[in-house]
Each structure stands twice: as structure tokens, then as C-alpha cells.
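To be precise, the following lines are work.cif, and they hold mmCIF, C-alpha atoms and all ligand atoms.
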```
data_run
loop_
_atom_site.label_atom_id
_atom_site.label_comp_id
_atom_site.auth_asym_id
_atom_site.auth_seq_id
_atom_site.Cartn_x
_atom_site.Cartn_y
_atom_site.Cartn_z
CA MET Z 1 0.00 0.00 0.00
CA THR Z 2 1.28 3.42 -0.91
CA PRO Z 3 1.07 6.00 1.90
CA SER Z 4 0.08 9.55 0.95
CA ASN Z 5 3.16 10.88 2.72
CA ALA Z 6 6.52 9.24 2.12
CA ILE Z 7 7.87 10.92 5.25
CA GLU Z 8 6.11 12.25 8.34
CA LEU Z 9 8.06 14.02 11.06
CA ARG Z 10 6.38 15.09 14.29
CA GLY Z 11 8.02 17.21 16.96
CA LEU Z 12 11.46 16.11 15.81
CA ARG Z 13 14.10 17.40 18.20
CA LYS Z 14 17.83 16.94 18.20
CA VAL Z 15 20.18 18.18 20.85
CA TYR Z 16 23.85 17.38 20.30
CA ALA Z 17 25.49 16.83 23.69
CA ALA Z 18 28.18 19.19 24.95
CA ARG Z 19 31.69 18.05 24.10
CA GLY Z 20 34.77 19.49 25.78
CA SER Z 21 34.51 23.26 25.52
CA GLU Z 22 31.66 22.98 22.98
CA PRO Z 23 28.29 23.68 24.65
CA GLU Z 24 25.30 21.51 23.78
CA LYS Z 25 23.68 22.41 20.51
CA VAL Z 26 19.96 22.35 19.72
CA ALA Z 27 19.97 21.44 16.03
CA LEU Z 28 16.24 20.68 15.58
CA LYS Z 29 13.58 22.40 17.66
CA GLY Z 30 10.57 20.14 17.16
CA LEU Z 31 10.20 19.81 13.41
CA ASP Z 32 6.78 18.89 11.93
CA LEU Z 33 7.04 18.01 8.27
CA ASP Z 34 5.13 15.93 5.71
CA ILE Z 35 6.71 14.97 2.42
CA PRO Z 36 4.14 13.77 -0.11
CA THR Z 37 4.72 10.50 -1.93
CA GLY Z 38 5.87 11.00 -5.49
CA SER Z 39 7.26 14.49 -5.02
CA ILE Z 40 10.69 15.95 -5.59
CA PHE Z 41 10.96 17.75 -2.30
CA GLY Z 42 13.62 20.34 -1.59
CA LEU Z 43 14.74 20.91 1.98
CA LEU Z 44 16.24 24.33 1.80
CA GLY Z 45 18.13 26.38 4.33
CA PRO Z 46 21.43 28.09 5.06
CA ASN Z 47 24.44 26.27 6.48
CA GLY Z 48 23.77 25.10 10.01
CA ALA Z 49 19.98 25.15 9.58
CA GLY Z 50 19.64 21.47 10.47
CA LYS Z 51 19.25 19.88 7.03
CA SER Z 52 21.90 17.18 7.43
CA THR Z 53 20.75 16.43 10.97
CA THR Z 54 17.25 15.78 9.62
CA ILE Z 55 18.58 13.61 6.79
CA ASN Z 56 20.93 11.69 9.07
CA ILE Z 57 18.07 10.93 11.45
CA LEU Z 58 16.07 9.57 8.49
CA ALA Z 59 19.10 7.50 7.51
CA GLY Z 60 19.46 6.13 11.02
CA LEU Z 61 22.93 7.66 11.33
CA VAL Z 62 21.97 10.12 14.07
CA ASN Z 63 19.70 9.35 17.03
CA LYS Z 64 16.89 11.82 17.54
CA THR Z 65 16.42 13.31 20.99
CA SER Z 66 12.60 13.17 20.80
CA GLY Z 67 9.71 13.23 18.38
CA SER Z 68 8.61 10.70 15.82
CA VAL Z 69 9.75 9.68 12.35
CA ARG Z 70 7.55 7.79 9.92
CA ILE Z 71 9.10 6.50 6.72
CA TRP Z 72 6.72 5.04 4.12
CA GLY Z 73 4.14 4.69 6.87
CA PHE Z 74 6.48 2.82 9.22
CA ASP Z 75 7.43 4.34 12.56
CA GLN Z 76 11.20 4.26 12.79
CA ASP Z 77 11.10 3.10 16.44
CA VAL Z 78 8.34 0.52 16.01
CA ASN Z 79 9.31 -0.93 12.60
CA PRO Z 80 13.00 -0.11 12.16
CA ARG Z 81 13.59 -2.77 9.50
CA GLN Z 82 10.70 -1.75 7.21
CA SER Z 83 11.36 1.96 7.59
CA ARG Z 84 15.03 1.43 6.75
CA ALA Z 85 14.20 -0.67 3.68
CA ALA Z 86 12.04 2.12 2.21
CA ILE Z 87 14.76 4.74 2.11
CA GLY Z 88 18.14 5.20 0.45
CA VAL Z 89 20.33 8.07 1.60
CA VAL Z 90 23.23 9.73 -0.20
CA PRO Z 91 25.20 11.48 2.55
CA GLN Z 92 26.76 14.92 2.20
CA GLU Z 93 30.29 13.64 2.83
CA LEU Z 94 32.08 11.55 0.23
CA ASN Z 95 32.86 8.77 2.68
CA LEU Z 96 33.74 5.69 0.67
CA ASP Z 97 35.67 2.63 1.63
CA PRO Z 98 38.91 2.98 -0.36
CA PHE Z 99 39.31 -0.78 -0.62
CA PHE Z 100 36.20 -1.48 -2.65
CA ALA Z 101 35.83 -0.97 -6.38
CA PRO Z 102 32.35 0.18 -7.47
CA ARG Z 103 31.00 -3.28 -8.34
CA ALA Z 104 32.23 -4.77 -5.06
CA ALA Z 105 30.95 -1.77 -3.08
CA LEU Z 106 27.46 -2.31 -4.49
CA GLU Z 107 27.56 -6.04 -3.79
CA VAL Z 108 28.56 -5.40 -0.17
CA GLN Z 109 25.80 -2.82 0.19
CA ALA Z 110 23.23 -5.22 -1.32
CA GLY Z 111 24.39 -7.83 1.17
CA LEU Z 112 23.93 -5.39 4.06
CA TYR Z 113 20.36 -4.78 2.94
CA GLY Z 114 19.69 -8.48 2.48
CA VAL Z 115 19.02 -8.22 -1.25
CA PRO Z 116 19.15 -11.82 -2.61
CA LYS Z 117 21.81 -12.43 -5.26
CA ALA Z 118 19.19 -13.18 -7.91
CA GLU Z 119 17.51 -9.82 -7.34
CA ARG Z 120 20.64 -7.68 -7.47
CA ARG Z 121 20.87 -5.17 -10.29
CA THR Z 122 24.48 -4.20 -9.70
CA ASP Z 123 25.55 -3.65 -13.29
CA ALA Z 124 22.29 -1.99 -14.31
CA ILE Z 125 22.76 0.53 -11.52
CA LEU Z 126 26.43 1.08 -12.42
CA GLU Z 127 25.40 1.71 -15.99
CA ALA Z 128 22.64 4.10 -14.97
CA VAL Z 129 25.11 6.28 -13.04
CA GLY Z 130 27.77 5.98 -15.77
CA LEU Z 131 30.25 3.88 -13.79
CA LEU Z 132 30.09 0.56 -15.61
CA ASP Z 133 33.50 1.11 -17.21
CA LYS Z 134 34.91 1.84 -13.73
CA ALA Z 135 33.33 -1.23 -12.12
CA GLU Z 136 36.70 -2.65 -11.09
CA ALA Z 137 38.59 0.59 -10.44
CA TYR Z 138 39.93 1.27 -6.94
CA ALA Z 139 37.74 3.79 -5.13
CA ARG Z 140 40.79 5.98 -4.46
CA THR Z 141 41.35 6.41 -8.21
CA LEU Z 142 37.82 7.76 -8.70
CA SER Z 143 37.27 11.49 -9.19
CA GLY Z 144 35.00 13.45 -6.86
CA GLY Z 145 32.18 13.28 -9.38
CA MET Z 146 32.54 9.52 -9.75
CA ARG Z 147 32.51 9.09 -5.99
CA ARG Z 148 29.29 11.09 -5.80
CA ARG Z 149 27.77 8.82 -8.44
CA LEU Z 150 28.96 5.71 -6.60
CA LEU Z 151 27.27 6.96 -3.42
CA ILE Z 152 24.03 7.39 -5.36
CA ALA Z 153 24.41 3.89 -6.77
CA LYS Z 154 24.92 2.52 -3.26
CA ALA Z 155 21.76 4.22 -2.04
CA LEU Z 156 19.79 2.51 -4.81
CA VAL Z 157 20.81 -1.15 -4.39
CA HIS Z 158 17.73 -2.08 -2.35
CA ALA Z 159 15.38 -0.26 -4.76
CA PRO Z 160 14.05 2.13 -2.09
CA GLN Z 161 10.77 4.00 -2.60
CA ILE Z 162 12.45 7.15 -1.25
CA LEU Z 163 15.83 8.52 -2.31
CA VAL Z 164 17.40 11.25 -0.20
CA LEU Z 165 20.30 13.32 -1.46
CA ASP Z 166 22.11 15.63 0.97
CA GLU Z 167 23.67 18.54 -0.94
CA PRO Z 168 24.19 16.37 -4.03
CA THR Z 169 25.72 19.06 -6.19
CA ALA Z 170 28.09 20.69 -3.72
CA GLY Z 171 31.47 20.74 -5.45
CA VAL Z 172 30.14 19.07 -8.58
CA ASP Z 173 30.80 20.42 -12.08
CA ILE Z 174 28.00 21.57 -14.36
CA GLU Z 175 28.10 18.55 -16.63
CA LEU Z 176 27.75 16.08 -13.78
CA ARG Z 177 25.13 18.25 -12.17
CA GLN Z 178 22.98 18.07 -15.30
CA MET Z 179 23.50 14.34 -15.59
CA LEU Z 180 22.56 13.94 -11.96
CA TRP Z 181 19.36 15.93 -12.31
CA ALA Z 182 18.36 14.08 -15.45
CA TYR Z 183 18.79 10.80 -13.59
CA VAL Z 184 16.93 12.03 -10.52
CA ARG Z 185 14.03 13.12 -12.73
CA GLU Z 186 14.02 9.71 -14.37
CA LEU Z 187 13.86 7.95 -11.00
CA ASN Z 188 11.06 10.27 -9.93
CA ALA Z 189 9.12 9.63 -13.14
CA ALA Z 190 9.44 5.91 -12.42
CA GLY Z 191 7.83 6.47 -9.01
CA THR Z 192 10.64 7.21 -6.56
CA THR Z 193 10.00 10.01 -4.08
CA ILE Z 194 13.03 12.31 -4.06
CA ILE Z 195 14.20 14.47 -1.19
CA LEU Z 196 17.17 16.72 -1.67
CA THR Z 197 18.75 19.33 0.50
CA THR Z 198 20.46 22.34 -0.90
CA HIS Z 199 21.44 25.85 -0.04
CA TYR Z 200 21.36 26.73 -3.73
CA LEU Z 201 18.01 28.38 -4.14
CA GLU Z 202 18.05 28.16 -7.91
CA GLU Z 203 18.52 24.45 -7.68
CA ALA Z 204 15.43 23.95 -5.54
CA GLU Z 205 13.45 26.25 -7.78
CA GLU Z 206 14.48 24.31 -10.86
CA MET Z 207 14.20 20.78 -9.49
CA CYS Z 208 11.56 20.64 -6.80
CA ASP Z 209 7.79 20.63 -6.99
CA ARG Z 210 7.58 21.30 -3.27
CA ILE Z 211 9.94 23.14 -0.95
CA GLY Z 212 10.41 23.24 2.80
CA ILE Z 213 12.58 25.99 4.21
CA ILE Z 214 14.28 25.47 7.55
CA ASN Z 215 16.34 27.88 9.57
CA HIS Z 216 17.80 27.50 13.08
CA GLY Z 217 16.25 24.03 13.40
CA GLU Z 218 12.72 25.25 12.68
CA LEU Z 219 10.49 24.91 9.66
CA VAL Z 220 9.86 28.36 8.23
CA VAL Z 221 7.45 27.28 5.51
CA THR Z 222 6.55 24.33 3.32
CA GLU Z 223 4.72 24.94 0.10
CA GLU Z 224 4.42 24.06 -3.57
CA THR Z 225 7.28 25.77 -5.38
CA GLY Z 226 4.97 27.88 -7.55
CA THR Z 227 2.80 28.97 -4.63
CA LEU Z 228 5.85 29.84 -2.60
CA LEU Z 229 7.03 32.16 -5.33
CA GLN Z 230 3.58 33.75 -5.57
CA GLN Z 231 3.46 34.26 -1.84
CA LEU Z 232 6.15 36.82 -1.93
CA ASP Z 233 4.69 40.22 -1.68
CA ALA Z 234 7.35 42.23 -3.46
CA LYS Z 235 6.55 42.97 -7.06
CA THR Z 236 8.14 45.06 -9.78
CA LEU Z 237 6.50 46.40 -12.90
CA VAL Z 238 8.95 47.55 -15.54
CA ILE Z 239 7.49 50.19 -17.81
CA THR Z 240 9.14 51.10 -21.10
CA PRO Z 241 8.18 54.67 -22.05
CA GLU Z 242 7.46 55.83 -25.62
CA SER Z 243 10.00 58.61 -25.21
CA PRO Z 244 12.81 59.08 -22.69
CA VAL Z 245 11.75 60.42 -19.30
CA ASP Z 246 13.76 62.08 -16.59
CA ASN Z 247 13.25 63.85 -13.30
CA LEU Z 248 11.13 61.07 -11.87
CA PRO Z 249 10.86 60.98 -8.08
CA SER Z 250 12.63 58.01 -6.53
CA GLU Z 251 9.57 57.31 -4.44
CA GLN Z 252 5.89 58.08 -4.60
CA GLY Z 253 3.83 56.98 -1.62
CA LYS Z 254 4.44 53.28 -1.21
CA ILE Z 255 5.92 52.82 -4.67
CA ARG Z 256 9.66 52.96 -5.36
CA ILE Z 257 10.81 54.12 -8.76
CA ASP Z 258 14.17 53.20 -10.31
CA MET Z 259 15.50 54.16 -13.69
CA ARG Z 260 17.04 51.29 -15.62
CA PRO Z 261 20.10 51.88 -17.85
CA ASP Z 262 17.99 51.06 -20.92
CA GLY Z 263 15.57 53.91 -20.12
CA ALA Z 264 12.87 51.70 -18.60
CA CYS Z 265 11.24 52.72 -15.31
CA ALA Z 266 10.96 50.06 -12.63
CA PHE Z 267 8.09 50.48 -10.17
CA SER Z 268 8.50 48.35 -7.04
CA TYR Z 269 5.70 47.85 -4.54
CA ARG Z 270 3.98 45.40 -2.27
CA ARG Z 271 1.18 43.48 -3.90
CA SER Z 272 -0.79 43.48 -0.66
CA GLU Z 273 -0.74 47.30 -0.52
CA THR Z 274 -0.85 48.42 -4.12
CA GLY Z 275 -2.53 47.19 -7.28
CA ALA Z 276 -1.00 47.21 -10.75
CA GLU Z 277 -3.70 49.63 -11.96
CA GLU Z 278 -2.58 52.13 -9.33
CA VAL Z 279 0.99 51.82 -10.55
CA LEU Z 280 0.00 52.42 -14.15
CA ASP Z 281 -2.07 55.46 -13.10
CA LEU Z 282 0.93 56.81 -11.23
CA ALA Z 283 3.15 56.33 -14.30
CA ARG Z 284 0.69 58.23 -16.48
CA SER Z 285 0.34 61.01 -13.92
CA LEU Z 286 4.12 61.40 -13.99
CA GLY Z 287 3.87 62.05 -17.73
CA ILE Z 288 5.04 58.67 -18.95
CA SER Z 289 3.39 57.39 -22.10
CA ILE Z 290 3.52 53.65 -21.75
CA ARG Z 291 4.86 51.58 -24.61
CA ASP Z 292 5.31 48.31 -22.80
CA VAL Z 293 4.83 46.81 -19.36
CA ALA Z 294 6.59 43.75 -17.99
CA SER Z 295 6.20 42.12 -14.60
CA GLU Z 296 9.19 40.77 -12.74
CA ASP Z 297 8.47 37.82 -10.48
CA PRO Z 298 10.58 37.19 -7.43
CA ASP Z 299 12.94 34.23 -7.33
CA LEU Z 300 13.51 31.96 -4.42
CA GLU Z 301 16.31 34.14 -3.11
CA ASP Z 302 13.76 36.89 -2.47
CA VAL Z 303 11.26 34.48 -0.96
CA PHE Z 304 13.90 33.04 1.31
CA MET Z 305 15.11 36.44 2.47
CA ALA Z 306 11.58 37.66 3.12
CA LEU Z 307 10.56 34.57 5.05
CA THR Z 308 13.66 34.11 7.15
CA THR Z 309 14.26 37.73 8.05
CA SER Z 310 10.69 38.16 9.28
CA LYS Z 311 10.96 35.18 11.63
CA THR Z 312 14.35 35.70 13.23
P1 LIG Y 1 23.00 21.91 7.69
O1 LIG Y 1 23.11 20.55 7.08
O2 LIG Y 1 21.69 22.57 7.43
O3 LIG Y 1 24.15 22.79 7.31
P2 LIG Y 1 23.51 20.54 10.21
O4 LIG Y 1 22.35 19.65 10.45
O5 LIG Y 1 24.75 19.93 9.70
O6 LIG Y 1 23.04 21.77 9.29
O7 LIG Y 1 23.85 21.29 11.56
C1 LIG Y 1 22.86 21.90 12.39
C2 LIG Y 1 23.50 22.41 13.66
O8 LIG Y 1 23.95 21.32 14.46
C3 LIG Y 1 24.73 23.27 13.40
O9 LIG Y 1 24.76 24.29 14.36
C4 LIG Y 1 25.87 22.31 13.61
O10 LIG Y 1 27.01 22.98 14.06
C5 LIG Y 1 25.34 21.38 14.67
N1 LIG Y 1 25.90 20.02 14.55
C6 LIG Y 1 25.80 19.21 13.45
N2 LIG Y 1 26.40 18.02 13.69
C7 LIG Y 1 26.89 18.08 14.95
C8 LIG Y 1 27.61 17.17 15.80
N3 LIG Y 1 27.95 15.94 15.37
N4 LIG Y 1 27.92 17.57 17.04
C9 LIG Y 1 27.59 18.80 17.48
N5 LIG Y 1 26.90 19.70 16.76
C10 LIG Y 1 26.56 19.36 15.50
MG MG Y 2 24.43 19.77 5.67
#
```

So, in terms of C-alpha cells, how does the structure I just supplied come out?
Amino acid sequence: MTPSNAIELRGLRKVYAARGSEPEKVALKGLDLDIPTGSIFGLLGPNGAGKSTTINILAGLVNKTSGSVRIWGFDQDVNPRQSRAAIGVVPQELNLDPFFAPRAALEVQAGLYGVPKAERRTDAILEAVGLLDKAEAYARTLSGGMRRRLLIAKALVHAPQILVLDEPTAGVDIELRQMLWAYVRELNAAGTTIILTTHYLEEAEEMCDRIGIINHGELVVTEETGTLLQQLDAKTLVITPESPVDNLPSEQGKIRIDMRPDGACAFSYRRSETGAEEVLDLARSLGISIRDVASEDPDLEDVFMALTTSKT
């Protein structure tokens, strides 16, 4: 049976114990989060927000302090085996055993997950991530990009319903990044729920259908990517005048006016306070004859700034 949410977190808290002169650190402050089955979900936040802590708890690499974790409908504490079988995690660090070549590494991983020999798809997975010709190469001779791909391959050996990638494109070149995304989209189209963390806003905007933003161990917002972009209040209308204008005020009421180098006039305002009609009226009253109007939508960078600065 397919659950409606691939992941359900309730009141998830993590406190790292004090160590030496380091005080204890509250990394997660009671996170509630649902990740719908079938989505490509982006967990977004600045460094130190708690993304890896969340992922590592899902992976079973970090023990939560309190709260509950459901993976594919299975409570991690009640059904550890089933919840573990449903998820494959690609960690942020490139930690690979230097003694295993890719094919051997996948076989060992399949063994760990109890995948019967007859059901293993080792070479198919190697081929999918472009490592078949490196199947017998020593891990230490693999480039950073190849190591990243091997980690993805390892996360896939037990054919998990959920694939989690922690900062998959950090330090990865553009070519590999595109290959990676194409493959992730393919997996998603074939039914795998994808969760990725990133602090690249563009990446989340491009890849994810749903985004959760966390900061200081708290969920700031979770929303469909499109809706999230719409939610941002700031709006700019760029008006191209028929003939050059000058001597415009830099501000008129709640509307800011900037001249662009190409002669266009940018009117910035808050959607909740001002309507587009009002802006056009203002432009006309300033003596601008309007040739063209374009609207500039905010990108995730703006959304992120607006949401996190208002809550901290
Ligand atoms: P992110 O992945 O979003 O950058 P992390 O989950 O790695 O954030 O870290 C969240 C917070 O927890 C940070 O303040 C970090 O310093 C702290 N932290 C992470 N891992 C440990 C650890 N093993 N011991 C102590 N503190 C940690
Ligand atoms: Mg991290």
C-alpha cells in the first residue's frame, strides 16, 4: 500500500550533547514536516539550519532526541527494518571505503540490505550512473564526481521508494550536475520520491515541486514551489516609455521608482498594498506614455530572504 506521505516528522528534536569546551547544541527544535509520496521535495536552508541532521536521522545515522519519524508509513522506532528498507540516503560527505571498487561496493551494500543475489541489479545501476566502465577501479582512483555517483548507486541497491540526497551538487561540475538531475528526474518519473537538500536556491526552484525551508532548526514554511514564489509580496513592474523620461521621483507613496540603464522605469511595490492599476495610473500622472509593461516575479532568493528575516 502506498502512503500519501513518504515521510512524516512530528516534533522532531535533536540536541547534540556538549563536548569538551563545545556547549550543547539544539539542532532541531521540534520539526513537523510531511513529504508527499511522489514528489521531488527540496529541503532548503542556510548552512547550520539542520538539514543534514534531519537527513541523518532519516538515515538512522543520528539518534533523535525526541519526536517521531515515519518512513513510508512505518514508525522508525516501532518498525525499524521496514522503515530502513524504504529509504536510500546519499550522505553529504564523500565517505567511501577505499578498498572497494564500485561493483564490489554495491555487492557489499546489497548484502547489508539483504538483497538476494538473484535480485541484485548491480551492473544496471552502475550503468545508470555511468560507472560501468569503472566497475573494477579502486575507489581511491575515482574522481569526486565519480565518488558522488557511486554513493548514489549505493543508495539505490535495495530499490528504495524514497531517495534522499544531501547537498548532491556541492562541489560538482555543471556537466555532472545536469547528468545527476536528469537521472533524478528519471527515477522520480518511475515512481521514486526524491528528497534533496540544498542551499542553492536556484537548484530547488528548478528541481523541486515542493519546498520546505528550515532555519535554526525550525520549519519556516513548506509549500508548492509555484505557490511559494507567488506568496512573496514584493513585485516590480517595468514600464518602457514611448520617449525618454527624466526627473522622476525616486519614491511616490508606497511605490519605489528606479531608472534602468535602458531607459525603462521600474516600479517596485507590495502586492498586498498596491494594485497594478494604481501603478499604471501613477506612471501616467508622472507624464510617462507607456509603450510596454513587464512584470518581474521574485525568485527563491527573495522568498527566502523575506521569510527568514521576518521570523528571526
Ligand atoms: P546543515 O546541514 O543545514 O548545514 P547541520 O544539520 O549539519 O546543518 O547542523 C545543524 C547544527 O547542528 C549546526 O549548528 C551544527 O554545528 C550542529 N551540529 C551538526 N552536527 C553536529 C555534531 N555531530 N555535534 C555537534 N553539533 C553538530
Ligand atoms: Mg548539511

*Which one of Z:Lys134, Z:Lys117, Z:Arg147, Z:His199 sits closest to ligand MG 2 (chain Y) if you count all atoms listed in the file?*
Z:His199

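The residue that comes closest to Gly38 in chain Z, out of Z:Asp209, Z:Glu24, Z:Glu119, Z:Glu107 and on the basis of all atoms listed in the file, is Z:Asp209.
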
*Step by step, measure atom-to-atom distances between ligand MG 2 (chain Y) and each residue using all atoms listed in the file, keep those at most 10 Å, then write them as JSON, numbers by chain.*
{"Z": [45, 46, 47, 48, 49, 50, 51, 52, 53, 54, 55, 56, 91, 92, 93, 166, 167, 197, 198, 199]}

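Proximity of Z:Asp292, Z:Glu273, Z:Asp297, Z:Glu218 to Val26 in chain Z, computed with all atoms listed in the file, is greatest for Z:Glu218.
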
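Here CA of Met207 in chain Z and CA of Leu228 in chain Z stand 14.1 Å from one another.
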
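Distance annotation: of Z:Ala135, Z:Val221, Z:Met146, Z:Val164, the residue with the minimal separation from Ile57 in chain Z is Z:Val164; atom set is all atoms listed in the file.
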
*To one decimal in Å, tell me the separation between CA of Leu176 in chain Z and CA of Ala128 in chain Z.*
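CA of Ala128 in chain Z lies at a distance of 13.1 Å from CA of Leu176 in chain Z.
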
*May I have the residues within 10 Å of Tyr113 in chain Z as a list in words, using all atoms listed in the file and disregarding those fewer than 3 positions away in the same chain?*
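The neighbour list is Arg81, Arg84, Ala85, Glu107, Val108, Gln109, Ala110, Pro116, Val157 and His158 of chain Z.
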
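CA of Leu43 in chain Z sits 28.4 Å away from CA of Glu127 in chain Z.
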
*Quick one: of Z:Leu196, Z:Ala190, Z:Ile255, Z:Val115, who's nearest to ligand LIG 1 (chain Y), counting all atoms listed in the file?*
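For ligand LIG 1 (chain Y), the nearest of the candidates is Z:Leu196.
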
*Which residue gives the smallest distance to ligand LIG 1 (chain Y) among Z:Ile214, Z:Leu280, Z:Ala118, Z:Ala264, with only C-alpha atoms and all ligand atoms counted?*
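The shortest atom-to-atom distance to ligand LIG 1 (chain Y) comes from Z:Ile214.
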
Would you pick out the contacts of Gly144 in chain Z at 12 Å or less, using all atoms listed in the file, so that residues sharing its chain but fewer than 6 positions from it are not included, and give the list as a CSV table (one decimal) with C-alpha atoms, keeping the file's coordinate frame?
```
chain,number,residue,atom,x,y,z
Z,93,GLU,CA,30.3,13.6,2.8
Z,94,LEU,CA,32.1,11.6,0.2
Z,95,ASN,CA,32.9,8.8,2.7
Z,96,LEU,CA,33.7,5.7,0.7
Z,150,LEU,CA,29.0,5.7,-6.6
Z,151,LEU,CA,27.3,7.0,-3.4
Z,168,PRO,CA,24.2,16.4,-4.0
Z,169,THR,CA,25.7,19.1,-6.2
Z,170,ALA,CA,28.1,20.7,-3.7
Z,171,GLY,CA,31.5,20.7,-5.4
Z,172,VAL,CA,30.1,19.1,-8.6
Z,173,ASP,CA,30.8,20.4,-12.1
Z,176,LEU,CA,27.8,16.1,-13.8
```

*Could you please give me, as a PyMOL selection string, the residues of protein, DNA or RNA lying at most 9 Å from (19.5, 12.3, -8.3) in the coordinate frame of the file, considering all atoms listed in the file?*
chain Z and resi 149+152+163-165+168+179-188+194+196

Go ahead and fit an axis-aligned box to every listed atom of range 170-173 of chain Z plus 3 Å each side, and pass me the centre and edge lengths in Å, one decimal, as JSON.
```
{"center_x": 29.8, "center_y": 19.9, "center_z": -7.9, "size_x": 9.4, "size_y": 7.7, "size_z": 14.4}
```

Output range 187-195 of chain Z as a short mmCIF file (atom, residue, chain, number, x, y, z; two decimals), keeping the file's coordinate frame, making sure all heavy atoms are there.
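As a result, result_21.cif now contains:
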```cif
data_model
loop_
_atom_site.label_atom_id
_atom_site.label_comp_id
_atom_site.auth_asym_id
_atom_site.auth_seq_id
_atom_site.Cartn_x
_atom_site.Cartn_y
_atom_site.Cartn_z
N LEU Z 187 14.26 8.77 -12.15
CA LEU Z 187 13.86 7.95 -11.00
C LEU Z 187 12.50 8.41 -10.49
O LEU Z 187 11.63 7.60 -10.17
CB LEU Z 187 14.89 8.07 -9.88
CG LEU Z 187 16.21 7.36 -10.06
CD1 LEU Z 187 17.20 7.80 -8.98
CD2 LEU Z 187 16.04 5.84 -10.02
N ASN Z 188 12.32 9.73 -10.42
CA ASN Z 188 11.06 10.27 -9.93
C ASN Z 188 9.91 9.90 -10.87
O ASN Z 188 8.83 9.51 -10.41
CB ASN Z 188 11.17 11.79 -9.78
CG ASN Z 188 9.89 12.41 -9.25
OD1 ASN Z 188 9.20 13.13 -9.95
ND2 ASN Z 188 9.55 12.10 -8.01
N ALA Z 189 10.16 9.99 -12.17
CA ALA Z 189 9.12 9.63 -13.14
C ALA Z 189 8.74 8.16 -13.01
O ALA Z 189 7.60 7.76 -13.24
CB ALA Z 189 9.59 9.93 -14.56
N ALA Z 190 9.71 7.34 -12.60
CA ALA Z 190 9.44 5.91 -12.42
C ALA Z 190 8.82 5.62 -11.05
O ALA Z 190 8.59 4.46 -10.70
CB ALA Z 190 10.73 5.12 -12.61
N GLY Z 191 8.57 6.67 -10.25
CA GLY Z 191 7.83 6.47 -9.01
C GLY Z 191 8.58 6.71 -7.72
O GLY Z 191 8.01 6.61 -6.64
N THR Z 192 9.87 6.99 -7.79
CA THR Z 192 10.64 7.21 -6.56
C THR Z 192 10.40 8.62 -6.02
O THR Z 192 10.47 9.59 -6.77
CB THR Z 192 12.15 7.02 -6.82
OG1 THR Z 192 12.36 5.77 -7.47
CG2 THR Z 192 12.95 7.07 -5.54
N THR Z 193 10.10 8.70 -4.75
CA THR Z 193 10.00 10.01 -4.08
C THR Z 193 11.42 10.51 -3.84
O THR Z 193 12.27 9.77 -3.35
CB THR Z 193 9.26 9.88 -2.74
OG1 THR Z 193 7.96 9.34 -2.99
CG2 THR Z 193 9.15 11.23 -2.03
N ILE Z 194 11.67 11.76 -4.19
CA ILE Z 194 13.03 12.31 -4.06
C ILE Z 194 13.03 13.43 -3.01
O ILE Z 194 12.15 14.29 -3.01
CB ILE Z 194 13.50 12.93 -5.39
CG1 ILE Z 194 13.35 11.94 -6.57
CG2 ILE Z 194 14.93 13.46 -5.27
CD1 ILE Z 194 14.34 10.81 -6.60
N ILE Z 195 14.01 13.38 -2.13
CA ILE Z 195 14.20 14.47 -1.19
C ILE Z 195 15.63 14.95 -1.36
O ILE Z 195 16.56 14.14 -1.33
CB ILE Z 195 13.99 14.00 0.26
CG1 ILE Z 195 12.58 13.43 0.42
CG2 ILE Z 195 14.24 15.14 1.25
CD1 ILE Z 195 12.39 12.63 1.69
#
```
